[in-house]
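Structure file entry-v5.cif with mmCIF, C-alpha atoms:
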data_my_file
loop_
_atom_site.label_atom_id
_atom_site.label_comp_id
_atom_site.auth_asym_id
_atom_site.auth_seq_id
_atom_site.Cartn_x
_atom_site.Cartn_y
_atom_site.Cartn_z
CA MET A 1393 9.47 24.59 13.73
CA ALA A 1394 6.63 26.94 14.67
CA PRO A 1395 3.05 26.08 13.62
CA ASP A 1396 2.87 29.26 11.53
CA ALA A 1397 5.80 28.08 9.46
CA LEU A 1398 4.22 24.69 9.05
CA ASN A 1399 1.04 26.33 7.77
CA GLN A 1400 2.79 27.73 4.71
CA PRO A 1401 1.40 26.03 1.58
CA LEU A 1402 3.62 24.38 -0.97
CA PRO A 1403 4.02 26.24 -4.28
CA ARG A 1404 1.27 25.72 -6.84
CA ALA A 1405 1.50 25.31 -10.57
CA GLY A 1406 1.22 28.67 -12.30
CA ASP A 1407 2.80 30.60 -9.44
CA PRO A 1408 5.76 32.49 -10.91
CA ALA A 1409 7.68 31.97 -7.68
CA ALA A 1410 6.93 28.31 -7.54
CA GLY A 1411 9.26 27.03 -10.20
CA GLU A 1412 8.48 23.63 -11.67
CA CYS A 1413 5.60 21.89 -9.84
CA LEU A 1414 3.79 18.61 -10.13
CA ARG A 1415 0.94 18.52 -12.65
CA ARG A 1416 -2.65 18.17 -11.35
CA SER A 1417 -4.19 15.64 -13.72
CA LEU A 1418 -5.70 12.86 -11.59
CA THR A 1419 -9.45 12.49 -10.96
CA PHE A 1420 -11.48 10.08 -8.78
CA TRP A 1421 -11.56 7.03 -11.07
CA PRO A 1422 -7.82 6.91 -11.84
CA LEU A 1423 -7.15 7.35 -8.11
CA LEU A 1424 -9.61 4.56 -7.22
CA PHE A 1425 -8.09 2.07 -9.66
CA TYR A 1426 -4.59 3.17 -8.71
CA GLY A 1427 -5.48 2.49 -5.07
CA LEU A 1428 -6.94 -0.90 -5.96
CA GLY A 1429 -3.85 -1.61 -8.03
CA VAL A 1430 -1.50 -1.01 -5.10
CA ILE A 1431 -3.72 -2.79 -2.54
CA VAL A 1432 -4.76 -5.77 -4.65
CA GLY A 1433 -1.45 -7.33 -5.55
CA ALA A 1434 1.40 -8.94 -3.71
CA GLY A 1435 -0.48 -9.33 -0.45
CA ILE A 1436 -3.27 -11.55 -1.69
CA TYR A 1437 -1.34 -13.27 -4.47
CA VAL A 1438 1.62 -14.19 -2.28
CA ALA A 1439 0.49 -14.15 1.35
CA ILE A 1440 -2.86 -15.90 1.28
CA GLY A 1441 -1.22 -19.29 1.84
CA VAL A 1442 0.55 -17.96 4.94
CA VAL A 1443 -2.69 -16.43 6.26
CA ILE A 1444 -4.49 -19.77 5.85
CA SER A 1445 -1.64 -21.66 7.54
CA ARG A 1446 -2.01 -19.36 10.56
CA ALA A 1447 -5.77 -18.88 10.70
CA GLY A 1448 -7.10 -22.06 9.07
CA GLY A 1449 -10.79 -21.73 8.33
CA GLY A 1450 -10.79 -18.33 10.01
CA ALA A 1451 -8.73 -16.78 7.19
CA PRO A 1452 -11.70 -14.71 5.90
CA LEU A 1453 -12.01 -13.23 9.39
CA SER A 1454 -8.29 -12.41 9.32
CA PHE A 1455 -8.82 -10.35 6.17
CA LEU A 1456 -11.89 -8.72 7.74
CA LEU A 1457 -9.86 -7.80 10.83
CA ALA A 1458 -6.99 -6.43 8.77
CA GLY A 1459 -9.39 -4.51 6.52
CA LEU A 1460 -11.15 -2.86 9.47
CA ILE A 1461 -7.84 -1.75 10.98
CA ALA A 1462 -6.70 -0.47 7.59
CA GLY A 1463 -10.03 1.34 7.24
CA LEU A 1464 -9.58 3.16 10.55
CA THR A 1465 -6.14 4.43 9.56
CA GLY A 1466 -7.47 5.08 6.06
CA LEU A 1467 -10.00 7.49 7.56
CA CYS A 1468 -7.16 9.30 9.33
CA TYR A 1469 -5.12 9.51 6.12
CA ALA A 1470 -8.20 10.73 4.25
CA GLU A 1471 -8.68 13.69 6.60
CA LEU A 1472 -4.97 14.49 6.70
CA ALA A 1473 -4.75 14.40 2.90
CA SER A 1474 -7.75 16.73 2.78
CA ARG A 1475 -6.23 19.12 5.32
CA PHE A 1476 -2.70 19.05 3.91
CA PRO A 1477 -2.78 18.06 0.22
CA HIS A 1478 0.99 17.83 -0.17
CA ALA A 1479 3.17 15.12 -1.74
CA GLY A 1480 5.12 14.47 1.48
CA GLY A 1481 2.22 12.46 2.89
CA ALA A 1482 2.88 10.85 6.28
CA ALA A 1483 6.09 12.80 6.94
CA ILE A 1484 4.22 16.10 6.56
CA TYR A 1485 1.30 14.87 8.70
CA VAL A 1486 3.53 13.85 11.61
CA GLU A 1487 5.52 17.09 11.34
CA ARG A 1488 2.28 19.06 11.56
CA GLY A 1489 0.78 16.94 14.35
CA PHE A 1490 3.87 17.03 16.58
CA CYS A 1491 5.02 20.52 15.47
CA SER A 1492 8.45 19.04 14.89
CA VAL A 1493 10.55 18.75 11.75
CA ARG A 1494 12.58 15.98 13.42
CA ALA A 1495 9.43 13.96 14.07
CA GLY A 1496 8.58 14.21 10.38
CA GLN A 1497 12.10 13.16 9.44
CA LEU A 1498 11.97 10.14 11.75
CA LEU A 1499 8.59 9.09 10.32
CA GLY A 1500 9.93 9.58 6.79
CA ALA A 1501 12.92 7.37 7.61
CA LEU A 1502 10.63 4.72 9.11
CA MET A 1503 8.36 4.73 6.08
CA THR A 1504 11.35 4.70 3.73
CA VAL A 1505 12.72 1.53 5.34
CA ALA A 1506 9.31 -0.15 5.46
CA LEU A 1507 8.41 0.74 1.88
CA ALA A 1508 11.84 -0.13 0.50
CA VAL A 1509 11.65 -3.54 2.17
CA SER A 1510 8.09 -4.04 0.94
CA ALA A 1511 8.99 -3.04 -2.62
CA ALA A 1512 12.03 -5.31 -2.62
CA SER A 1513 9.99 -8.18 -1.19
CA ILE A 1514 7.32 -7.66 -3.82
CA ALA A 1515 9.98 -7.71 -6.54
CA ARG A 1516 11.25 -11.06 -5.26
CA GLY A 1517 7.68 -12.39 -5.13
CA ALA A 1518 7.06 -11.28 -8.70
CA VAL A 1519 10.21 -13.04 -9.86
CA ASN A 1520 9.00 -16.26 -8.22
CA TYR A 1521 6.06 -16.21 -10.63
CA LEU A 1522 8.25 -15.16 -13.56
CA GLU A 1523 10.70 -18.01 -12.99
CA MET A 1524 7.90 -20.43 -13.94
CA LEU A 1525 8.02 -18.90 -17.43
CA LEU A 1526 11.64 -17.80 -18.02
CA PRO A 1527 14.77 -19.83 -17.21
CA VAL A 1528 16.81 -16.78 -16.21
CA ALA A 1529 18.84 -16.21 -13.05
CA THR A 1530 16.91 -14.56 -10.23
CA PRO A 1531 19.28 -11.55 -9.77
CA VAL A 1532 19.03 -10.76 -13.49
CA LEU A 1533 15.22 -10.86 -13.40
CA ILE A 1534 15.08 -8.69 -10.28
CA THR A 1535 17.46 -6.10 -11.76
CA ALA A 1536 15.60 -5.91 -15.07
CA LEU A 1537 12.22 -5.64 -13.35
CA ILE A 1538 13.22 -2.77 -11.07
CA ILE A 1539 15.07 -0.86 -13.79
CA VAL A 1540 12.06 -1.05 -16.13
CA PHE A 1541 9.58 0.14 -13.52
CA THR A 1542 11.91 2.92 -12.33
CA ALA A 1543 12.05 4.14 -15.93
CA VAL A 1544 8.24 4.05 -16.18
CA ALA A 1545 7.96 6.02 -12.92
CA THR A 1546 10.17 8.78 -14.34
CA TRP A 1547 8.13 8.92 -17.56
CA GLY A 1548 5.12 10.72 -16.09
CA VAL A 1549 2.55 10.36 -13.33
CA ARG A 1550 -0.35 9.92 -15.77
CA GLU A 1551 1.50 7.15 -17.60
CA SER A 1552 2.74 5.35 -14.47
CA VAL A 1553 -0.63 5.62 -12.71
CA GLY A 1554 -2.38 4.58 -15.93
CA LEU A 1555 -0.18 1.48 -16.25
CA ALA A 1556 -0.69 0.64 -12.59
CA ALA A 1557 -4.47 1.06 -12.99
CA ALA A 1558 -4.51 -1.18 -16.10
CA ILE A 1559 -2.59 -3.93 -14.32
CA GLY A 1560 -4.78 -3.40 -11.27
CA ALA A 1561 -7.86 -4.07 -13.38
CA MET A 1562 -6.30 -7.36 -14.54
CA GLU A 1563 -5.47 -8.27 -10.94
CA ILE A 1564 -9.05 -7.69 -9.83
CA GLY A 1565 -10.40 -9.57 -12.83
CA GLY A 1566 -8.10 -12.51 -12.04
CA LEU A 1567 -9.31 -12.70 -8.46
CA ALA A 1568 -12.95 -12.41 -9.52
CA LEU A 1569 -12.38 -15.22 -12.05
CA THR A 1570 -10.75 -17.31 -9.31
CA VAL A 1571 -13.82 -16.94 -7.11
CA ALA A 1572 -16.16 -17.83 -10.00
CA VAL A 1573 -14.16 -20.89 -11.10
CA ALA A 1574 -13.83 -22.15 -7.51
CA LEU A 1575 -17.58 -21.84 -6.93
CA LEU A 1576 -18.35 -23.70 -10.16
CA ASP A 1577 -15.79 -26.48 -9.65
CA THR A 1578 -16.40 -27.22 -5.99
CA THR A 1579 -19.49 -29.32 -5.35
CA THR A 1580 -19.29 -29.52 -1.57
CA PHE A 1581 -18.21 -26.87 0.91
CA ASP A 1582 -17.12 -27.54 4.48
CA VAL A 1583 -18.41 -24.44 6.24
CA ALA A 1584 -18.04 -25.85 9.75
CA GLY A 1585 -14.51 -24.53 10.21
CA LEU A 1586 -15.11 -20.94 9.09
CA LEU A 1587 -16.04 -19.66 12.56
CA PRO A 1588 -13.36 -20.27 15.23
CA THR A 1589 -14.66 -21.94 18.38
CA THR A 1590 -11.59 -21.94 20.65
CA LEU A 1591 -9.28 -19.28 22.05
CA ARG A 1592 -6.38 -20.83 20.13
CA ALA A 1593 -8.35 -20.56 16.90
CA TRP A 1594 -9.15 -16.90 17.54
CA HIS A 1595 -5.47 -16.26 18.23
CA GLY A 1596 -4.80 -17.83 14.85
CA VAL A 1597 -7.22 -15.34 13.31
CA ALA A 1598 -5.28 -12.46 14.90
CA ALA A 1599 -1.96 -13.94 13.76
CA GLY A 1600 -3.39 -14.33 10.27
CA GLY A 1601 -4.67 -10.77 10.44
CA PHE A 1602 -1.13 -9.50 11.00
CA ILE A 1603 0.01 -11.11 7.74
CA ALA A 1604 -3.25 -10.21 5.98
CA PHE A 1605 -2.59 -6.55 6.78
CA PHE A 1606 0.26 -6.71 4.27
CA ALA A 1607 -2.42 -7.18 1.61
CA PHE A 1608 -3.88 -3.75 2.44
CA ILE A 1609 -0.64 -1.76 2.60
CA GLY A 1610 -0.59 0.86 -0.12
CA PHE A 1611 -3.83 2.77 0.43
CA GLU A 1612 -1.70 5.56 1.91
CA THR A 1613 -0.09 5.94 -1.52
CA LEU A 1614 -2.99 8.11 -2.62
CA ALA A 1615 -2.09 10.74 -0.02
CA ASN A 1616 1.29 11.19 -1.72
CA LEU A 1617 -0.51 12.00 -5.00
CA ALA A 1618 -2.50 14.86 -3.47
CA GLU A 1619 -0.48 17.52 -5.32
CA GLU A 1620 -1.26 15.77 -8.61
CA ALA A 1621 -5.03 15.33 -8.04
CA LYS A 1622 -7.79 17.66 -9.16
CA ASP A 1623 -9.91 18.86 -6.21
CA ALA A 1624 -7.65 16.85 -3.89
CA ARG A 1625 -9.70 17.57 -0.76
CA ARG A 1626 -12.58 15.54 -2.21
CA THR A 1627 -11.10 13.10 -4.68
CA VAL A 1628 -8.24 11.75 -2.53
CA PRO A 1629 -10.41 10.76 0.51
CA ARG A 1630 -13.09 9.26 -1.76
CA GLY A 1631 -10.56 7.29 -3.78
CA MET A 1632 -8.70 6.02 -0.72
CA LEU A 1633 -11.73 4.82 1.26
CA SER A 1634 -13.43 3.31 -1.78
CA ALA A 1635 -10.27 1.33 -2.61
CA ILE A 1636 -10.02 -0.06 0.94
CA ALA A 1637 -13.69 -1.08 1.03
CA ALA A 1638 -13.63 -2.74 -2.40
CA SER A 1639 -10.42 -4.64 -1.70
CA MET A 1640 -11.74 -5.91 1.65
CA VAL A 1641 -14.86 -7.36 0.03
CA LEU A 1642 -12.77 -9.01 -2.69
CA TYR A 1643 -10.24 -10.44 -0.22
CA ILE A 1644 -12.92 -11.96 1.99
CA ALA A 1645 -14.54 -13.62 -1.04
CA VAL A 1646 -11.21 -15.03 -2.26
CA ALA A 1647 -10.21 -16.25 1.20
CA THR A 1648 -13.59 -17.91 1.68
CA VAL A 1649 -13.44 -19.99 -1.52
CA ALA A 1650 -9.77 -20.79 -0.89
CA VAL A 1651 -10.52 -22.10 2.59
CA LEU A 1652 -13.64 -24.02 1.57
CA GLY A 1653 -12.16 -25.83 -1.41
CA TYR A 1654 -8.35 -25.55 -1.48
CA ARG A 1655 -7.19 -25.21 2.13
CA SER A 1656 -4.57 -27.98 1.86
CA GLU A 1657 -2.90 -26.57 -1.28
CA PRO A 1658 0.42 -24.67 -0.93
CA ASN A 1659 -0.84 -21.99 -3.37
CA PRO A 1660 -4.66 -21.98 -3.19
CA LEU A 1661 -5.06 -19.48 -6.04
CA VAL A 1662 -3.01 -21.45 -8.58
CA ALA A 1663 -4.68 -24.68 -7.41
CA VAL A 1664 -8.03 -23.41 -8.67
CA PHE A 1665 -6.76 -23.71 -12.24
CA ALA A 1666 -5.14 -26.64 -14.04
CA GLY A 1667 -2.82 -27.14 -17.02
CA ARG A 1668 -2.57 -24.12 -19.28
CA GLY A 1669 -4.94 -22.28 -17.01
CA ALA A 1670 -2.42 -22.53 -14.18
CA MET A 1671 0.33 -21.15 -16.44
CA ALA A 1672 -1.87 -18.27 -17.53
CA PHE A 1673 -2.63 -17.51 -13.91
CA ALA A 1674 1.13 -17.51 -13.21
CA VAL A 1675 1.48 -14.73 -15.80
CA LEU A 1676 -1.33 -12.80 -14.13
CA GLY A 1677 0.25 -13.42 -10.74
CA PHE A 1678 3.53 -11.97 -11.98
CA LEU A 1679 1.82 -8.84 -13.28
CA ALA A 1680 -0.19 -8.49 -10.08
CA VAL A 1681 2.84 -8.73 -7.82
CA ALA A 1682 5.15 -6.73 -10.11
CA ASN A 1683 2.61 -3.91 -10.21
CA GLY A 1684 3.35 -3.30 -6.56
CA VAL A 1685 6.98 -2.53 -7.43
CA LEU A 1686 5.93 0.32 -9.74
CA ILE A 1687 3.48 1.74 -7.25
CA HIS A 1688 5.95 1.61 -4.35
CA ILE A 1689 8.59 3.37 -6.45
CA VAL A 1690 6.10 6.11 -7.36
CA MET A 1691 5.08 6.48 -3.72
CA LEU A 1692 8.61 6.59 -2.31
CA ALA A 1693 9.68 9.11 -4.95
CA ARG A 1694 6.79 11.41 -3.94
CA LEU A 1695 7.69 10.94 -0.29
CA PHE A 1696 11.31 12.00 -0.99
CA TYR A 1697 10.08 14.89 -3.16
CA GLY A 1698 7.69 16.17 -0.48
CA MET A 1699 10.29 15.85 2.28
CA ALA A 1700 12.83 17.72 0.15
CA ARG A 1701 10.34 20.51 -0.55
CA SER A 1702 9.72 20.91 3.19
CA GLY A 1703 13.43 20.97 4.02
CA GLN A 1704 13.66 17.45 5.48
CA LEU A 1705 15.89 16.10 2.67
CA PRO A 1706 18.43 17.75 0.32
CA ALA A 1707 16.75 20.25 -2.01
CA VAL A 1708 18.10 18.44 -5.09
CA LEU A 1709 15.47 15.73 -4.51
CA GLY A 1710 12.71 18.35 -4.58
CA THR A 1711 13.10 19.24 -8.26
CA VAL A 1712 10.95 18.00 -11.12
CA HIS A 1713 11.88 17.43 -14.74
CA PRO A 1714 10.66 20.31 -16.95
CA ARG A 1715 9.22 17.95 -19.60
CA THR A 1716 7.83 14.96 -17.66
CA ARG A 1717 7.02 17.05 -14.55
CA THR A 1718 8.08 14.13 -12.36
CA PRO A 1719 10.72 14.03 -9.57
CA VAL A 1720 13.27 12.17 -11.69
CA ARG A 1721 16.21 12.38 -9.28
CA ALA A 1722 14.13 11.19 -6.33
CA THR A 1723 12.73 8.36 -8.46
CA ILE A 1724 16.18 7.16 -9.56
CA LEU A 1725 17.39 7.20 -5.94
CA VAL A 1726 14.36 5.18 -4.87
CA GLY A 1727 14.91 2.63 -7.63
CA THR A 1728 18.54 2.22 -6.55
CA ILE A 1729 17.55 1.65 -2.90
CA VAL A 1730 14.87 -0.88 -3.83
CA LEU A 1731 17.22 -2.77 -6.16
CA ALA A 1732 19.97 -3.03 -3.53
CA THR A 1733 17.48 -4.23 -0.92
CA ALA A 1734 15.94 -6.81 -3.26
CA LEU A 1735 19.33 -8.26 -4.16
CA LEU A 1736 20.75 -8.36 -0.65
CA VAL A 1737 17.84 -9.21 1.69
CA PRO A 1738 15.63 -12.35 1.55
CA PHE A 1739 11.89 -11.73 1.58
CA GLU A 1740 11.04 -14.31 4.25
CA ARG A 1741 13.15 -12.69 6.96
CA LEU A 1742 11.78 -9.17 6.50
CA LEU A 1743 8.08 -9.61 5.73
CA VAL A 1744 7.07 -9.48 9.39
CA LEU A 1745 9.47 -6.59 10.01
CA ALA A 1746 8.01 -4.61 7.11
CA ASP A 1747 4.51 -5.20 8.43
CA GLY A 1748 5.49 -4.16 11.95
CA LEU A 1749 7.27 -1.00 10.78
CA THR A 1750 4.31 -0.01 8.64
CA LEU A 1751 1.82 -0.53 11.47
CA ALA A 1752 4.05 1.52 13.80
CA ALA A 1753 4.21 4.32 11.23
CA PHE A 1754 0.44 4.23 10.81
CA ALA A 1755 -0.01 4.48 14.58
CA LEU A 1756 2.16 7.63 14.60
CA VAL A 1757 0.08 9.13 11.79
CA ASP A 1758 -3.11 8.35 13.72
CA VAL A 1759 -1.73 10.06 16.84
CA ALA A 1760 -0.63 13.01 14.70
CA LEU A 1761 -4.22 13.54 13.53
CA TRP A 1762 -5.47 13.25 17.11
CA ARG A 1763 -3.07 16.07 18.03
CA VAL A 1764 -4.11 18.10 14.97
CA HIS A 1765 -7.74 17.81 16.11
CA ARG A 1766 -6.73 19.37 19.44
CA GLN A 1767 -4.73 22.16 17.77
CA GLU A 1768 -6.57 23.13 14.60
CA PRO A 1769 -10.35 22.83 14.00
CA ALA A 1770 -11.26 21.65 10.51
CA THR A 1771 -12.04 24.40 8.02
CA ALA A 1772 -14.92 24.42 5.55
CA GLY A 1773 -14.54 21.92 2.72
CA VAL A 1774 -12.17 19.61 4.64
CA PHE A 1775 -13.05 15.91 4.94
CA ALA A 1776 -13.41 15.50 8.73
CA ILE A 1777 -13.84 12.36 10.88
CA PRO A 1778 -15.02 11.97 14.51
CA HIS A 1779 -12.41 12.75 17.16
CA TRP A 1780 -12.49 9.22 18.62
CA ILE A 1781 -11.34 7.50 15.43
CA PRO A 1782 -7.60 8.50 15.49
CA PRO A 1783 -6.88 7.07 18.99
CA LEU A 1784 -8.89 3.92 18.18
CA ALA A 1785 -6.94 3.50 14.93
CA ALA A 1786 -3.61 3.88 16.77
CA LEU A 1787 -4.60 1.39 19.46
CA SER A 1788 -5.77 -1.10 16.84
CA ALA A 1789 -2.46 -0.91 14.96
CA VAL A 1790 -0.43 -1.33 18.13
CA GLY A 1791 -2.69 -4.18 19.25
CA LEU A 1792 -2.05 -6.08 16.01
CA ILE A 1793 1.70 -5.71 16.55
CA LEU A 1794 1.41 -6.96 20.13
CA ALA A 1795 -0.70 -9.94 19.02
CA GLU A 1796 2.16 -10.94 16.71
CA LEU A 1797 4.84 -10.43 19.37
CA VAL A 1798 3.12 -12.45 22.07
CA GLY A 1799 2.32 -15.23 19.59
#
Written as structure tokens, that's how I'd like the structure from this file.
Amino acid sequence: MAPDALNQPLPRAGDPAAGECLRRSLTFWPLLFYGLGVIVGAGIYVAIGVVISRAGGGAPLSFLLAGLIAGLTGLCYAELASRFPHAGGAAIYVERGFCSVRAGQLLGALMTVALAVSAASIARGAVNYLEMLLPVATPVLITALIIVFTAVATWGVRESVGLAAAIGAMEIGGLALTVAVALLDTTTFDVAGLLPTTLRAWHGVAAGGFIAFFAFIGFETLANLAEEAKDARRTVPRGMLSAIAASMVLYIAVATVAVLGYRSEPNPLVAVFAGRGAMAFAVLGFLAVANGVLIHIVMLARLFYGMARSGQLPAVLGTVHPRTRTPVRATILVGTIVLATALLVPFERLLVLADGLTLAAFALVDVALWRVHRQEPATAGVFAIPHWIPPLAALSAVGLILAELVG
């Protein structure tokens, strides 16, 4: 496809020729808490034990490493969302950067697989918490969970983002409470092991960073909401980068207290509490992990919608409901894919694959921005980053994959 064709804007609400379009109703604060809601969830609540088993006392450094790499790609997404505020997100960015519809389709397929696996894995992780409270068969719980959140996602973007933001606030509050309780209950801290002193220990930090990166996946969700944000060129980059920075600080604090006081526990977060407190935290853990299911469904539906509007998927997926103004058909398809994946594929076998696919997709997005920089100078009002950041972000993502493969 020629660059001129790619430059054509998507229809806007109010344009008689546009038909039904997404409603612009999101401002900075809902976007920030939505971003925190998708970032702060399954990764930290489920994966922290795995990160500690790999990195030991260096687990806080693993989260720092993962956060910095996520931040570099986050900067690339922020500029791309500012340049091209369309719902297709990464698929549109790669199509623009490589001047190829097929490249966008391949990236969309890659992200679809990675996000579907992540959403299904998150659903299984949420059910693990829920099984502590309800004696119901796992497949039944998974099916009910995904059906409910698919229905919420078709209800309306303000409602689904509002619910995600509310649960996100509880997630953040739960982690902050965990840090406070751990600091009050622990009288002695062994700080000697926090800084790795051997090459093997530093390799453990890198290996832990690969898993810790899963805790940051989701910041790119905000790019898919660009068509539903007010003043998207400013609010989307601000919301995305603020969410990454806040989550990194919180993760490092949680990992630090977990390593100092509860390193030997299989679930360091639950170990902080006892008795009824542990049960209450299990409820919070379920909500935190389940929230990721809703957010992934919303994101994938917008990805399908944007790809359909740009001709990469059947046009039927590019329609919105006249009352809810949401892509209902795309959302139902996404929910079906996530449900099938959750029921058929075990989480443990695909967590590393999901992480690797996501990092590979991020590297392609980073390279796409590097190519855009060479093709199209930024216009006034666009959030712009230095030219050296995209290649550094791509190399960092690939390096994290290689560190896992050679391990």
Let me make sure I understand: among A:Ala1473, A:Leu1642, A:Ile1777, A:Leu1679, which one has the smallest atom-to-atom distance to Val1519 of chain A if we use all atoms listed in the file?
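Ranking A:Ala1473, A:Leu1642, A:Ile1777, A:Leu1679 by distance to Val1519 of chain A, first place goes to A:Leu1679.
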Could you tell me, as a tab-separated table (two decimals) with C-alpha atoms, in the coordinates of the input, exactly which residues end up selected when the PyMOL selection byres ((chain A and resi 1748) around 10) is applied to this structure?
chain	number	residue	atom	x	y	z
A	1506	ALA	CA	9.31	-0.15	5.46
A	1602	PHE	CA	-1.13	-9.50	11.00
A	1603	ILE	CA	0.01	-11.11	7.74
A	1605	PHE	CA	-2.59	-6.55	6.78
A	1606	PHE	CA	0.26	-6.71	4.27
A	1742	LEU	CA	11.78	-9.17	6.50
A	1743	LEU	CA	8.08	-9.61	5.73
A	1744	VAL	CA	7.07	-9.48	9.39
A	1745	LEU	CA	9.47	-6.59	10.01
A	1746	ALA	CA	8.01	-4.61	7.11
A	1747	ASP	CA	4.51	-5.20	8.43
A	1749	LEU	CA	7.27	-1.00	10.78
A	1750	THR	CA	4.31	-0.01	8.64
A	1751	LEU	CA	1.82	-0.53	11.47
A	1752	ALA	CA	4.05	1.52	13.80
A	1753	ALA	CA	4.21	4.32	11.23
A	1754	PHE	CA	0.44	4.23	10.81
A	1789	ALA	CA	-2.46	-0.91	14.96
A	1790	VAL	CA	-0.43	-1.33	18.13
A	1792	LEU	CA	-2.05	-6.08	16.01
A	1793	ILE	CA	1.70	-5.71	16.55
A	1794	LEU	CA	1.41	-6.96	20.13
A	1796	GLU	CA	2.16	-10.94	16.71
A	1797	LEU	CA	4.84	-10.43	19.37
Residues within 12 Å of (9.9, 16.3, 15.3), file coords, all atoms listed in the file, listed as a list in words
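Within the cut-off we find Met1393, Ala1394, Leu1398, Ala1483, Ile1484, Tyr1485, Val1486, Glu1487, Arg1488, Gly1489, Phe1490, Cys1491, Ser1492, Val1493, Arg1494, Ala1495, Gly1496, Gln1497, Leu1498, Leu1499, Gly1500, Gln1704, Leu1756 and Ala1760 of chain A.
The shell of residues at most 8 Å from Gly1449 of chain A, with all atoms listed in the file counted and near chain neighbours (fewer than 6 positions) removed, consists of Gly1585, Leu1586, Leu1587, Pro1588, Val1651, Leu1652 and Arg1655 of chain A.
Between atom CA of Ala1451 of chain A and atom CA of Val1641 of chain A there is a distance of 13.3 Å.
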Here's the selection I'm unsure about, the PyMOL selection byres ((chain A and resi 1709-1712) around 7); applied to the file above, which residues does it give, as an mmCIF file with C-alpha atoms, in the frame of the given file?
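Listing of part.cif after writing:
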data_model
loop_
_atom_site.group_PDB
_atom_site.id
_atom_site.type_symbol
_atom_site.label_atom_id
_atom_site.label_comp_id
_atom_site.auth_asym_id
_atom_site.auth_seq_id
_atom_site.Cartn_x
_atom_site.Cartn_y
_atom_site.Cartn_z
ATOM 1 C CA GLU A 1412 8.480 23.630 -11.670
ATOM 2 C CA CYS A 1413 5.600 21.890 -9.840
ATOM 3 C CA PHE A 1696 11.310 12.000 -0.990
ATOM 4 C CA TYR A 1697 10.080 14.890 -3.160
ATOM 5 C CA GLY A 1698 7.690 16.170 -0.480
ATOM 6 C CA ALA A 1700 12.830 17.720 0.150
ATOM 7 C CA ARG A 1701 10.340 20.510 -0.550
ATOM 8 C CA PRO A 1706 18.430 17.750 0.320
ATOM 9 C CA ALA A 1707 16.750 20.250 -2.010
ATOM 10 C CA VAL A 1708 18.100 18.440 -5.090
ATOM 11 C CA HIS A 1713 11.880 17.430 -14.740
ATOM 12 C CA PRO A 1714 10.660 20.310 -16.950
ATOM 13 C CA ARG A 1717 7.020 17.050 -14.550
ATOM 14 C CA THR A 1718 8.080 14.130 -12.360
ATOM 15 C CA PRO A 1719 10.720 14.030 -9.570
ATOM 16 C CA VAL A 1720 13.270 12.170 -11.690
ATOM 17 C CA ARG A 1721 16.210 12.380 -9.280
ATOM 18 C CA ALA A 1722 14.130 11.190 -6.330
#
Where does the PyMOL selection byres ((chain A and resi 1618) around 7) land in this file, that is, which residues does it pick, as a PyMOL selection string?
chain A and resi 1473+1477-1479+1614-1617+1619-1621+1624+1628
